[in-house]
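Below is one structure, written out as structure tokens, with a few remarks after it.
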Amino acid sequence: IRRYLDPALDLTFETYEQIESTNDFCKKLALDSKTSKPHIVLSEHQTGGHGRYGRSFFSPKGSGIYLSILLKINNDPIDPGLLTISSSLAVVKALEKLFRINCQLKWVNDIIVDNRKVAGILVEGVTDLQSGAMDHVIIGLGMNYMTDPEIFPDDIRNRAGSLRKYAHRSDVSRNKLIAVFLNEFFKIYPNYRTGAFMNEYRKRSNIIGKQVSVLVSDRVVSEAVKTIDDKGRLVLTDGTILVSGEVTKIREKGYDLHN
Ligand code: BTN
């Protein structure tokens with residue numbers, strides 16, 4: 001990975017064959033971390049990988065990318081929405097740099113290729129138990145890289161996709177992709193709160209102008225999407241602004257509104 005990494009980046013890597021969840025592992029690291037250097041944890045396989053809303057993230061051996069970035073933030077408040085958005089954009093930029101590929105972004109964190117989710121981002125803050133301050137943030141990336149679509153479990157089979165047809169069948173390409181993602185991530189991260197990249201995000205959004213259903217806490221909002229603003233929030237045509245939520249349905253505007 002280091003071969004392809006921007007030489008100015010000073011990162012610590014830890015790699016494992018099998019781990020429960022790289023995000024959870026980073027939470028433990030954060031509790032006894034003495035260094036302010038970014039820490040990258042990678043695993044070939046996860047036994048308890050999870051995504052947003054506590055859902056599990058399918059993490060089979062040898063075919064995916066499961067990694068977490070642990071950053072010390074010194075109680076500087078994070079903007080989880082914009083951090084998730086900027087990290088997802090970094091994934092897309094890496095994929096577009098390395099492969100001939102058209103990526104879309106499904107607000108907030110889903111990376112879509114050929115209408116299927118190939119990767120997702122999970123951002124989590126870590127609070128120091130003694131001081132009560134949020135002193136670390138973790139950005140987890142899960143990607144179906146060489147995954148054989150035949151092995152997707154039934155509950156995600158219709159939505160999940162893999163990059164198998166684009167990827168080159170070697171660890172070199174996987175490591176290069178990881179490095180290029182990290183390069184892109186650390187280019188955006190220092191100024192992520194400005195939302196300066198939102199035009200690039202909007203350009204790849206698959207929901208702007210569409211009728212969507214969004215799960216917000218335990219209610220569903222159905223409306224057309226006007227835009228995603230510079231703060232990374234979803235702006236609906238009726239004026240509603242959503243900071244976070246899960247888009248569960250996308251329809252062409254004016255079509256099939258009640259389905
Ligand atoms: C989502 O799509 O909801 C986010 C998926 C994030 C999965 C990654 S895999 C590496 C890291 N460890 C985890 O347990 N989750 C993230």
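In the structure tokens, the first chain shown is A, the next is B, and so on; residue numbers restart at 1 for each chain, and ligands run from 1 in the order shown.
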
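The list of residues with at least one atom within 7 Å of Arg193 of chain A, based on only C-alpha atoms and without residues fewer than 2 positions apart in the same chain, reads Asp79, Leu82, Asn191 and Gly195 of chain A.
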
Dump as an mmCIF file, in the first residue's frame, selection limited to N, CA and C atoms:
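Just written: out-v5.cif:
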```cif
data_model
loop_
_atom_site.group_PDB
_atom_site.id
_atom_site.type_symbol
_atom_site.label_atom_id
_atom_site.label_comp_id
_atom_site.auth_asym_id
_atom_site.auth_seq_id
_atom_site.Cartn_x
_atom_site.Cartn_y
_atom_site.Cartn_z
ATOM 1 N N ASP A 79 -18.632 16.862 12.016
ATOM 2 C CA ASP A 79 -19.874 16.973 11.268
ATOM 3 C C ASP A 79 -20.060 15.613 10.594
ATOM 4 N N LEU A 82 -21.242 15.585 6.743
ATOM 5 C CA LEU A 82 -20.241 15.998 5.741
ATOM 6 C C LEU A 82 -19.038 15.062 5.713
ATOM 7 N N ASN A 191 -10.255 20.066 5.088
ATOM 8 C CA ASN A 191 -11.261 21.130 4.919
ATOM 9 C C ASN A 191 -12.674 20.586 4.722
ATOM 10 N N GLY A 195 -17.481 21.875 2.927
ATOM 11 C CA GLY A 195 -18.388 21.353 1.908
ATOM 12 C C GLY A 195 -17.989 21.781 0.502
#
```

Just want the residues within 8 Å of ligand 1, written as a PDB file with N, CA and C atoms, in the first residue's frame, counting only C-alpha atoms and all ligand atoms.
```pdb
ATOM      1  N   GLU A  20     -13.304  -8.929  14.273  1.00  0.00           N
ATOM      2  CA  GLU A  20     -14.767  -8.829  14.367  1.00  0.00           C
ATOM      3  C   GLU A  20     -15.254  -7.661  13.500  1.00  0.00           C
ATOM      4  N   SER A  21     -14.699  -6.493  13.777  1.00  0.00           N
ATOM      5  CA  SER A  21     -15.075  -5.306  13.000  1.00  0.00           C
ATOM      6  C   SER A  21     -13.910  -4.315  13.102  1.00  0.00           C
ATOM      7  N   THR A  22     -13.443  -3.819  11.998  1.00  0.00           N
ATOM      8  CA  THR A  22     -12.309  -2.883  12.055  1.00  0.00           C
ATOM      9  C   THR A  22     -12.715  -1.591  12.773  1.00  0.00           C
ATOM     10  N   ASN A  23     -14.010  -1.183  12.639  1.00  0.00           N
ATOM     11  CA  ASN A  23     -14.451   0.013  13.370  1.00  0.00           C
ATOM     12  C   ASN A  23     -14.400  -0.234  14.882  1.00  0.00           C
ATOM     13  N   ASP A  24     -14.904  -1.396  15.319  1.00  0.00           N
ATOM     14  CA  ASP A  24     -14.905  -1.688  16.763  1.00  0.00           C
ATOM     15  C   ASP A  24     -13.475  -1.811  17.287  1.00  0.00           C
ATOM     16  N   LEU A  42      -6.892  -2.733   8.751  1.00  0.00           N
ATOM     17  CA  LEU A  42      -7.450  -3.491   7.627  1.00  0.00           C
ATOM     18  C   LEU A  42      -7.641  -4.939   8.036  1.00  0.00           C
ATOM     19  N   GLN A  46     -14.253  -9.993   8.152  1.00  0.00           N
ATOM     20  CA  GLN A  46     -14.822  -9.524   9.419  1.00  0.00           C
ATOM     21  C   GLN A  46     -15.907 -10.499   9.865  1.00  0.00           C
ATOM     22  N   GLY A  48     -17.985  -9.664  12.404  1.00  0.00           N
ATOM     23  CA  GLY A  48     -19.118  -8.876  12.896  1.00  0.00           C
ATOM     24  C   GLY A  48     -19.108  -7.481  12.295  1.00  0.00           C
ATOM     25  N   GLY A  49     -18.837  -7.391  10.993  1.00  0.00           N
ATOM     26  CA  GLY A  49     -18.813  -6.087  10.324  1.00  0.00           C
ATOM     27  C   GLY A  49     -20.208  -5.470  10.385  1.00  0.00           C
ATOM     28  N   HIS A  50     -20.272  -4.167  10.647  1.00  0.00           N
ATOM     29  CA  HIS A  50     -21.597  -3.564  10.674  1.00  0.00           C
ATOM     30  C   HIS A  50     -21.654  -2.264   9.892  1.00  0.00           C
ATOM     31  N   GLY A  51     -22.887  -1.919   9.526  1.00  0.00           N
ATOM     32  CA  GLY A  51     -23.108  -0.712   8.738  1.00  0.00           C
ATOM     33  C   GLY A  51     -23.939   0.273   9.528  1.00  0.00           C
ATOM     34  N   ARG A  52     -24.556   1.226   8.826  1.00  0.00           N
ATOM     35  CA  ARG A  52     -25.378   2.209   9.520  1.00  0.00           C
ATOM     36  C   ARG A  52     -26.605   1.524  10.112  1.00  0.00           C
ATOM     37  N   TYR A  53     -27.183   2.124  11.135  1.00  0.00           N
ATOM     38  CA  TYR A  53     -28.368   1.605  11.822  1.00  0.00           C
ATOM     39  C   TYR A  53     -28.158   0.191  12.359  1.00  0.00           C
ATOM     40  N   ARG A  55     -26.987  -2.390  11.150  1.00  0.00           N
ATOM     41  CA  ARG A  55     -27.133  -3.535  10.253  1.00  0.00           C
ATOM     42  C   ARG A  55     -25.798  -4.237  10.060  1.00  0.00           C
ATOM     43  N   SER A  56     -25.855  -5.518   9.714  1.00  0.00           N
ATOM     44  CA  SER A  56     -24.568  -6.193   9.524  1.00  0.00           C
ATOM     45  C   SER A  56     -24.033  -5.873   8.125  1.00  0.00           C
ATOM     46  N   PHE A  57     -22.719  -5.921   7.988  1.00  0.00           N
ATOM     47  CA  PHE A  57     -22.111  -5.676   6.682  1.00  0.00           C
ATOM     48  C   PHE A  57     -21.406  -6.968   6.261  1.00  0.00           C
ATOM     49  N   SER A  59     -19.028  -9.417   5.004  1.00  0.00           N
ATOM     50  CA  SER A  59     -17.573  -9.201   4.904  1.00  0.00           C
ATOM     51  C   SER A  59     -16.811 -10.507   4.697  1.00  0.00           C
ATOM     52  N   ILE A  65     -12.809  -5.143   0.687  1.00  0.00           N
ATOM     53  CA  ILE A  65     -11.929  -4.200   1.385  1.00  0.00           C
ATOM     54  C   ILE A  65     -12.685  -3.783   2.638  1.00  0.00           C
ATOM     55  N   TYR A  66     -12.101  -4.086   3.773  1.00  0.00           N
ATOM     56  CA  TYR A  66     -12.711  -3.709   5.047  1.00  0.00           C
ATOM     57  C   TYR A  66     -11.654  -2.952   5.811  1.00  0.00           C
ATOM     58  N   LEU A  67     -11.835  -1.647   5.917  1.00  0.00           N
ATOM     59  CA  LEU A  67     -10.795  -0.867   6.587  1.00  0.00           C
ATOM     60  C   LEU A  67     -11.407   0.273   7.389  1.00  0.00           C
ATOM     61  N   SER A  68     -10.674   0.685   8.406  1.00  0.00           N
ATOM     62  CA  SER A  68     -11.099   1.837   9.199  1.00  0.00           C
ATOM     63  C   SER A  68      -9.937   2.789   9.377  1.00  0.00           C
ATOM     64  N   ASN A 109     -24.367   7.669   2.164  1.00  0.00           N
ATOM     65  CA  ASN A 109     -23.068   7.002   2.161  1.00  0.00           C
ATOM     66  C   ASN A 109     -22.915   5.853   1.186  1.00  0.00           C
ATOM     67  N   ASP A 110     -23.882   5.638   0.317  1.00  0.00           N
ATOM     68  CA  ASP A 110     -23.796   4.443  -0.540  1.00  0.00           C
ATOM     69  C   ASP A 110     -23.115   4.748  -1.860  1.00  0.00           C
ATOM     70  N   ALA A 119     -20.214  -0.283  -2.159  1.00  0.00           N
ATOM     71  CA  ALA A 119     -19.425   0.119  -0.991  1.00  0.00           C
ATOM     72  C   ALA A 119     -20.239   1.059  -0.116  1.00  0.00           C
ATOM     73  N   GLY A 120     -19.845   1.133   1.141  1.00  0.00           N
ATOM     74  CA  GLY A 120     -20.505   2.046   2.073  1.00  0.00           C
ATOM     75  C   GLY A 120     -19.508   2.553   3.099  1.00  0.00           C
ATOM     76  N   ILE A 121     -19.887   3.648   3.721  1.00  0.00           N
ATOM     77  CA  ILE A 121     -19.033   4.292   4.727  1.00  0.00           C
ATOM     78  C   ILE A 121     -19.792   4.357   6.050  1.00  0.00           C
ATOM     79  N   LEU A 122     -19.109   4.086   7.131  1.00  0.00           N
ATOM     80  CA  LEU A 122     -19.704   4.233   8.455  1.00  0.00           C
ATOM     81  C   LEU A 122     -18.796   5.095   9.322  1.00  0.00           C
ATOM     82  N   ILE A 139     -13.588   6.340  10.537  1.00  0.00           N
ATOM     83  CA  ILE A 139     -14.248   6.283   9.235  1.00  0.00           C
ATOM     84  C   ILE A 139     -14.044   4.870   8.701  1.00  0.00           C
ATOM     85  N   GLY A 140     -15.121   4.115   8.599  1.00  0.00           N
ATOM     86  CA  GLY A 140     -15.019   2.724   8.144  1.00  0.00           C
ATOM     87  C   GLY A 140     -15.460   2.619   6.699  1.00  0.00           C
ATOM     88  N   LEU A 141     -14.679   1.895   5.905  1.00  0.00           N
ATOM     89  CA  LEU A 141     -15.050   1.648   4.509  1.00  0.00           C
ATOM     90  C   LEU A 141     -15.198   0.149   4.285  1.00  0.00           C
ATOM     91  N   GLY A 142     -16.332  -0.228   3.749  1.00  0.00           N
ATOM     92  CA  GLY A 142     -16.536  -1.620   3.344  1.00  0.00           C
ATOM     93  C   GLY A 142     -16.827  -1.636   1.862  1.00  0.00           C
ATOM     94  N   MET A 143     -16.106  -2.484   1.115  1.00  0.00           N
ATOM     95  CA  MET A 143     -16.307  -2.530  -0.338  1.00  0.00           C
ATOM     96  C   MET A 143     -16.323  -3.967  -0.838  1.00  0.00           C
TER      97      MET A 143
END
```

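Among the candidates A:Lys27, A:Lys176, A:Lys117, A:Arg204, the residue lying nearest to Leu163 of chain A is A:Lys117 (atoms considered: only C-alpha atoms).
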
Quick one: DSSP helix (DSSP H, G or I) residues in segment 160-198 of chain A, as a PDB file with C-alpha atoms, in the first residue's frame?
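What ended up in result21.pdb:
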```pdb
ATOM      1  CA  ASP A 171      -3.739  -7.942  -4.591  1.00  0.00           C
ATOM      2  CA  VAL A 172      -1.668  -5.208  -6.240  1.00  0.00           C
ATOM      3  CA  SER A 173      -4.764  -3.567  -7.643  1.00  0.00           C
ATOM      4  CA  ARG A 174      -6.561  -3.913  -4.330  1.00  0.00           C
ATOM      5  CA  ASN A 175      -3.675  -2.334  -2.431  1.00  0.00           C
ATOM      6  CA  LYS A 176      -3.421   0.403  -5.032  1.00  0.00           C
ATOM      7  CA  LEU A 177      -7.120   1.142  -4.676  1.00  0.00           C
ATOM      8  CA  ILE A 178      -6.761   1.333  -0.885  1.00  0.00           C
ATOM      9  CA  ALA A 179      -3.807   3.717  -1.228  1.00  0.00           C
ATOM     10  CA  VAL A 180      -5.520   5.929  -3.804  1.00  0.00           C
ATOM     11  CA  PHE A 181      -8.615   6.085  -1.587  1.00  0.00           C
ATOM     12  CA  LEU A 182      -6.462   7.141   1.376  1.00  0.00           C
ATOM     13  CA  ASN A 183      -4.714   9.771  -0.777  1.00  0.00           C
ATOM     14  CA  GLU A 184      -8.084  11.170  -1.850  1.00  0.00           C
ATOM     15  CA  PHE A 185      -9.475  11.007   1.676  1.00  0.00           C
ATOM     16  CA  PHE A 186      -6.592  12.927   3.233  1.00  0.00           C
ATOM     17  CA  LYS A 187      -6.762  15.523   0.458  1.00  0.00           C
ATOM     18  CA  ILE A 188     -10.399  16.295   1.309  1.00  0.00           C
ATOM     19  CA  TYR A 189     -10.346  15.732   5.087  1.00  0.00           C
ATOM     20  CA  PRO A 190      -8.512  18.882   6.317  1.00  0.00           C
ATOM     21  CA  ASN A 191     -11.261  21.130   4.919  1.00  0.00           C
ATOM     22  CA  TYR A 192     -14.197  18.749   4.877  1.00  0.00           C
ATOM     23  CA  ARG A 193     -16.388  21.072   6.968  1.00  0.00           C
ATOM     24  CA  THR A 194     -16.437  23.671   4.179  1.00  0.00           C
ATOM     25  CA  MET A 198     -20.441  19.320  -2.694  1.00  0.00           C
TER      26      MET A 198
END
```

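Nearest residue to Asp229 of chain A, choosing from A:Gln211, A:Ser205, A:Thr12, A:Asn115 and counting only C-alpha atoms: A:Ser205.
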
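Ranking A:Val243, A:Glu44, A:Leu70, A:Ser222 by their shortest atom-to-atom distance to Asn144 of chain A, with only C-alpha atoms included, puts A:Glu44 first.
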
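Here atom CA of Ser131 of chain A and atom CA of His39 of chain A stand 21.9 Å from one another.
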
Residue nearest Ile101 of chain A among A:Phe25, A:Tyr16, A:Tyr166, A:Tyr201 (counting only C-alpha atoms): A:Tyr166

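Look at Gly245 of chain A: the protein and nucleic acid residues within 7 Å of it, using only C-alpha atoms and passing over chain neighbours fewer than 6 places away, are Val214, Leu215 and Val216 of chain A.
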
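By only C-alpha atoms, and with residues fewer than 4 positions from segment 112-114 of chain A along its chain excluded, the set lying at most 7 Å from it is A:Asn102, A:Cys103, A:Gln104, A:Leu105, A:Lys106, A:Val118.
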
Just write the chosen residues, N, CA and C atoms, as a compact mmCIF listing (two decimals), in the first residue's frame.
```txt
# COMPACT_ATOMS: atom_id res chain seq x y z
N ASN A 102 -18.44 4.31 -14.02
CA ASN A 102 -19.35 5.40 -13.66
C ASN A 102 -19.91 5.11 -12.30
N CYS A 103 -19.65 6.01 -11.34
CA CYS A 103 -20.14 5.76 -9.99
C CYS A 103 -21.25 6.75 -9.69
N GLN A 104 -22.16 6.31 -8.87
CA GLN A 104 -23.18 7.22 -8.35
C GLN A 104 -23.15 7.18 -6.83
N LEU A 105 -23.68 8.24 -6.24
CA LEU A 105 -23.72 8.29 -4.79
C LEU A 105 -25.17 8.38 -4.35
N LYS A 106 -25.55 7.47 -3.48
CA LYS A 106 -26.91 7.52 -2.94
C LYS A 106 -26.78 8.10 -1.54
N VAL A 118 -21.98 -1.03 -4.09
CA VAL A 118 -20.70 -1.76 -4.04
C VAL A 118 -19.88 -1.40 -2.81
```

All strand (DSSP E) positions in segment 15-128 of chain A, as JSON, numbers by chain: {"A": [15, 16, 17, 18, 19, 39, 40, 41, 42, 43, 44, 45, 46, 64, 65, 66, 67, 68, 69, 70, 71, 72, 103, 104, 105, 106, 110, 111, 112, 113, 116, 117, 118, 119, 120, 121, 122, 123, 124, 125, 126, 127]}

Expected file: the selected residues, N, CA and C atoms, as a short mmCIF file (atom, residue, chain, number, x, y, z; two decimals), in the first residue's frame:
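Output saved as out-v7.cif:
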```
data_model
loop_
_atom_site.label_atom_id
_atom_site.label_comp_id
_atom_site.auth_asym_id
_atom_site.auth_seq_id
_atom_site.Cartn_x
_atom_site.Cartn_y
_atom_site.Cartn_z
N THR A 15 -2.69 -4.71 9.93
CA THR A 15 -3.50 -5.59 9.07
C THR A 15 -3.74 -6.92 9.76
N TYR A 16 -4.92 -7.45 9.55
CA TYR A 16 -5.32 -8.71 10.20
C TYR A 16 -5.97 -9.63 9.19
N GLU A 17 -5.88 -10.94 9.47
CA GLU A 17 -6.58 -11.95 8.68
C GLU A 17 -8.07 -11.86 8.96
N GLN A 18 -8.36 -11.84 10.25
CA GLN A 18 -9.76 -11.87 10.66
C GLN A 18 -9.95 -11.01 11.91
N ILE A 19 -11.00 -10.25 11.92
CA ILE A 19 -11.27 -9.36 13.02
C ILE A 19 -12.78 -9.27 13.11
N HIS A 39 -4.38 6.18 12.20
CA HIS A 39 -4.18 4.75 12.30
C HIS A 39 -5.11 4.07 11.29
N ILE A 40 -4.58 3.17 10.47
CA ILE A 40 -5.43 2.48 9.49
C ILE A 40 -5.47 1.00 9.87
N VAL A 41 -6.66 0.47 10.06
CA VAL A 41 -6.80 -0.95 10.38
C VAL A 41 -7.52 -1.65 9.23
N LEU A 42 -6.89 -2.73 8.75
CA LEU A 42 -7.45 -3.49 7.63
C LEU A 42 -7.64 -4.94 8.04
N SER A 43 -8.70 -5.55 7.53
CA SER A 43 -8.86 -6.97 7.78
C SER A 43 -9.31 -7.67 6.50
N GLU A 44 -8.83 -8.90 6.31
CA GLU A 44 -9.22 -9.70 5.14
C GLU A 44 -10.67 -10.15 5.25
N HIS A 45 -11.12 -10.21 6.50
CA HIS A 45 -12.42 -10.82 6.76
C HIS A 45 -12.94 -10.22 8.06
N GLN A 46 -14.25 -9.99 8.15
CA GLN A 46 -14.82 -9.52 9.42
C GLN A 46 -15.91 -10.50 9.86
N GLY A 64 -13.04 -8.65 -0.34
CA GLY A 64 -13.50 -7.29 -0.10
C GLY A 64 -12.42 -6.39 0.45
N ILE A 65 -12.81 -5.14 0.69
CA ILE A 65 -11.93 -4.20 1.38
C ILE A 65 -12.68 -3.78 2.64
N TYR A 66 -12.10 -4.09 3.77
CA TYR A 66 -12.71 -3.71 5.05
C TYR A 66 -11.65 -2.95 5.81
N LEU A 67 -11.83 -1.65 5.92
CA LEU A 67 -10.80 -0.87 6.59
C LEU A 67 -11.41 0.27 7.39
N SER A 68 -10.67 0.69 8.41
CA SER A 68 -11.10 1.84 9.20
C SER A 68 -9.94 2.79 9.38
N ILE A 69 -10.29 4.07 9.37
CA ILE A 69 -9.31 5.12 9.62
C ILE A 69 -9.64 5.69 11.01
N LEU A 70 -8.66 5.66 11.90
CA LEU A 70 -8.86 6.23 13.25
C LEU A 70 -8.12 7.56 13.32
N LEU A 71 -8.85 8.61 13.63
CA LEU A 71 -8.24 9.95 13.69
C LEU A 71 -8.46 10.58 15.05
N LYS A 72 -7.42 11.21 15.54
CA LYS A 72 -7.55 11.95 16.79
C LYS A 72 -8.12 13.33 16.45
N CYS A 103 -19.65 6.01 -11.34
CA CYS A 103 -20.14 5.76 -9.99
C CYS A 103 -21.25 6.75 -9.69
N GLN A 104 -22.16 6.31 -8.87
CA GLN A 104 -23.18 7.22 -8.35
C GLN A 104 -23.15 7.18 -6.83
N LEU A 105 -23.68 8.24 -6.24
CA LEU A 105 -23.72 8.29 -4.79
C LEU A 105 -25.17 8.38 -4.35
N LYS A 106 -25.55 7.47 -3.48
CA LYS A 106 -26.91 7.52 -2.94
C LYS A 106 -26.78 8.10 -1.54
N ASP A 110 -23.88 5.64 0.32
CA ASP A 110 -23.80 4.44 -0.54
C ASP A 110 -23.11 4.75 -1.86
N ILE A 111 -22.17 3.88 -2.23
CA ILE A 111 -21.49 4.02 -3.51
C ILE A 111 -22.11 2.99 -4.46
N ILE A 112 -22.64 3.53 -5.56
CA ILE A 112 -23.45 2.70 -6.46
C ILE A 112 -22.75 2.56 -7.81
N VAL A 113 -22.64 1.34 -8.29
CA VAL A 113 -22.13 1.09 -9.65
C VAL A 113 -23.13 0.15 -10.32
N ARG A 116 -26.17 -0.87 -8.36
CA ARG A 116 -26.04 -1.72 -7.17
C ARG A 116 -25.04 -1.13 -6.20
N LYS A 117 -25.29 -1.36 -4.92
CA LYS A 117 -24.38 -0.82 -3.91
C LYS A 117 -23.12 -1.67 -3.86
N VAL A 118 -21.98 -1.03 -4.09
CA VAL A 118 -20.70 -1.76 -4.04
C VAL A 118 -19.88 -1.40 -2.81
N ALA A 119 -20.21 -0.28 -2.16
CA ALA A 119 -19.43 0.12 -0.99
C ALA A 119 -20.24 1.06 -0.12
N GLY A 120 -19.84 1.13 1.14
CA GLY A 120 -20.51 2.05 2.07
C GLY A 120 -19.51 2.55 3.10
N ILE A 121 -19.89 3.65 3.72
CA ILE A 121 -19.03 4.29 4.73
C ILE A 121 -19.79 4.36 6.05
N LEU A 122 -19.11 4.09 7.13
CA LEU A 122 -19.70 4.23 8.46
C LEU A 122 -18.80 5.10 9.32
N VAL A 123 -19.29 6.29 9.69
CA VAL A 123 -18.52 7.22 10.54
C VAL A 123 -19.02 7.09 11.98
N GLU A 124 -18.09 6.93 12.91
CA GLU A 124 -18.46 6.83 14.32
C GLU A 124 -17.51 7.69 15.16
N GLY A 125 -18.06 8.39 16.12
CA GLY A 125 -17.24 9.17 17.04
C GLY A 125 -16.91 8.33 18.28
N VAL A 126 -15.79 8.59 18.91
CA VAL A 126 -15.45 7.88 20.14
C VAL A 126 -15.27 8.90 21.27
N THR A 127 -16.01 8.67 22.33
CA THR A 127 -15.96 9.60 23.46
C THR A 127 -15.09 9.03 24.57
#
```

Shell around Leu234 of chain A at 10 Å using only C-alpha atoms, local window under 6 positions removed, as number ranges by chain: A: 107-108, 207-208, 214, 225-228, 240-245

Write the selection just made, keeping N, CA and C atoms, as a PDB file, in the first residue's frame?
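Just written: part07.pdb:
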```
ATOM      1  N   TRP A 107     -27.342   9.295  -1.383  1.00  0.00           N
ATOM      2  CA  TRP A 107     -27.254   9.997  -0.101  1.00  0.00           C
ATOM      3  C   TRP A 107     -27.567   9.058   1.041  1.00  0.00           C
ATOM      4  N   VAL A 108     -26.849   8.918   2.084  1.00  0.00           N
ATOM      5  CA  VAL A 108     -25.669   9.695   2.345  1.00  0.00           C
ATOM      6  C   VAL A 108     -24.408   8.960   1.881  1.00  0.00           C
ATOM      7  N   ILE A 207     -30.262  10.758  -6.678  1.00  0.00           N
ATOM      8  CA  ILE A 207     -31.613  11.054  -6.178  1.00  0.00           C
ATOM      9  C   ILE A 207     -32.090  12.485  -6.432  1.00  0.00           C
ATOM     10  N   ILE A 208     -31.189  13.367  -6.874  1.00  0.00           N
ATOM     11  CA  ILE A 208     -31.638  14.753  -7.088  1.00  0.00           C
ATOM     12  C   ILE A 208     -32.663  14.778  -8.235  1.00  0.00           C
ATOM     13  N   VAL A 214     -37.736   8.409   2.413  1.00  0.00           N
ATOM     14  CA  VAL A 214     -36.601   8.465   3.323  1.00  0.00           C
ATOM     15  C   VAL A 214     -37.062   8.048   4.715  1.00  0.00           C
ATOM     16  N   VAL A 225     -36.763  15.225  -4.334  1.00  0.00           N
ATOM     17  CA  VAL A 225     -35.531  15.845  -3.827  1.00  0.00           C
ATOM     18  C   VAL A 225     -35.195  17.068  -4.670  1.00  0.00           C
ATOM     19  N   LYS A 226     -35.092  18.219  -3.989  1.00  0.00           N
ATOM     20  CA  LYS A 226     -34.723  19.445  -4.695  1.00  0.00           C
ATOM     21  C   LYS A 226     -33.216  19.452  -4.907  1.00  0.00           C
ATOM     22  N   THR A 227     -32.488  19.262  -3.826  1.00  0.00           N
ATOM     23  CA  THR A 227     -31.029  19.240  -3.942  1.00  0.00           C
ATOM     24  C   THR A 227     -30.416  18.647  -2.666  1.00  0.00           C
ATOM     25  N   ILE A 228     -29.105  18.580  -2.647  1.00  0.00           N
ATOM     26  CA  ILE A 228     -28.365  18.286  -1.421  1.00  0.00           C
ATOM     27  C   ILE A 228     -27.526  19.539  -1.196  1.00  0.00           C
ATOM     28  N   THR A 240     -38.756  20.682   3.368  1.00  0.00           N
ATOM     29  CA  THR A 240     -38.171  19.900   4.468  1.00  0.00           C
ATOM     30  C   THR A 240     -36.670  19.730   4.231  1.00  0.00           C
ATOM     31  N   ILE A 241     -35.907  19.863   5.321  1.00  0.00           N
ATOM     32  CA  ILE A 241     -34.459  19.650   5.226  1.00  0.00           C
ATOM     33  C   ILE A 241     -34.092  18.509   6.159  1.00  0.00           C
ATOM     34  N   LEU A 242     -33.455  17.489   5.640  1.00  0.00           N
ATOM     35  CA  LEU A 242     -33.087  16.335   6.463  1.00  0.00           C
ATOM     36  C   LEU A 242     -31.580  16.266   6.641  1.00  0.00           C
ATOM     37  N   VAL A 243     -31.167  16.136   7.892  1.00  0.00           N
ATOM     38  CA  VAL A 243     -29.737  16.071   8.205  1.00  0.00           C
ATOM     39  C   VAL A 243     -29.214  14.654   7.985  1.00  0.00           C
ATOM     40  N   SER A 244     -30.054  13.674   8.367  1.00  0.00           N
ATOM     41  CA  SER A 244     -29.656  12.294   8.097  1.00  0.00           C
ATOM     42  C   SER A 244     -30.902  11.463   7.882  1.00  0.00           C
ATOM     43  N   GLY A 245     -30.710  10.252   7.423  1.00  0.00           N
ATOM     44  CA  GLY A 245     -31.844   9.389   7.101  1.00  0.00           C
ATOM     45  C   GLY A 245     -31.386   8.350   6.103  1.00  0.00           C
TER      46      GLY A 245
END
```

Separation of atom CA of Pro7 of chain A and atom CA of Gly81 of chain A, in Å? 28.9 Å

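In this structure, atom CA of Pro38 of chain A sits 8.8 Å away from atom CA of Phe13 of chain A.
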
Give me the residues near Lys165 of chain A as a list in words, where near means some atom within 10 Å (using only C-alpha atoms) and where sequence neighbours in that chain fewer than 2 positions away do not count. Tyr145, Met146, Thr147, Asp148, Ser162, Leu163, Ala167, His168 and Arg169 of chain A
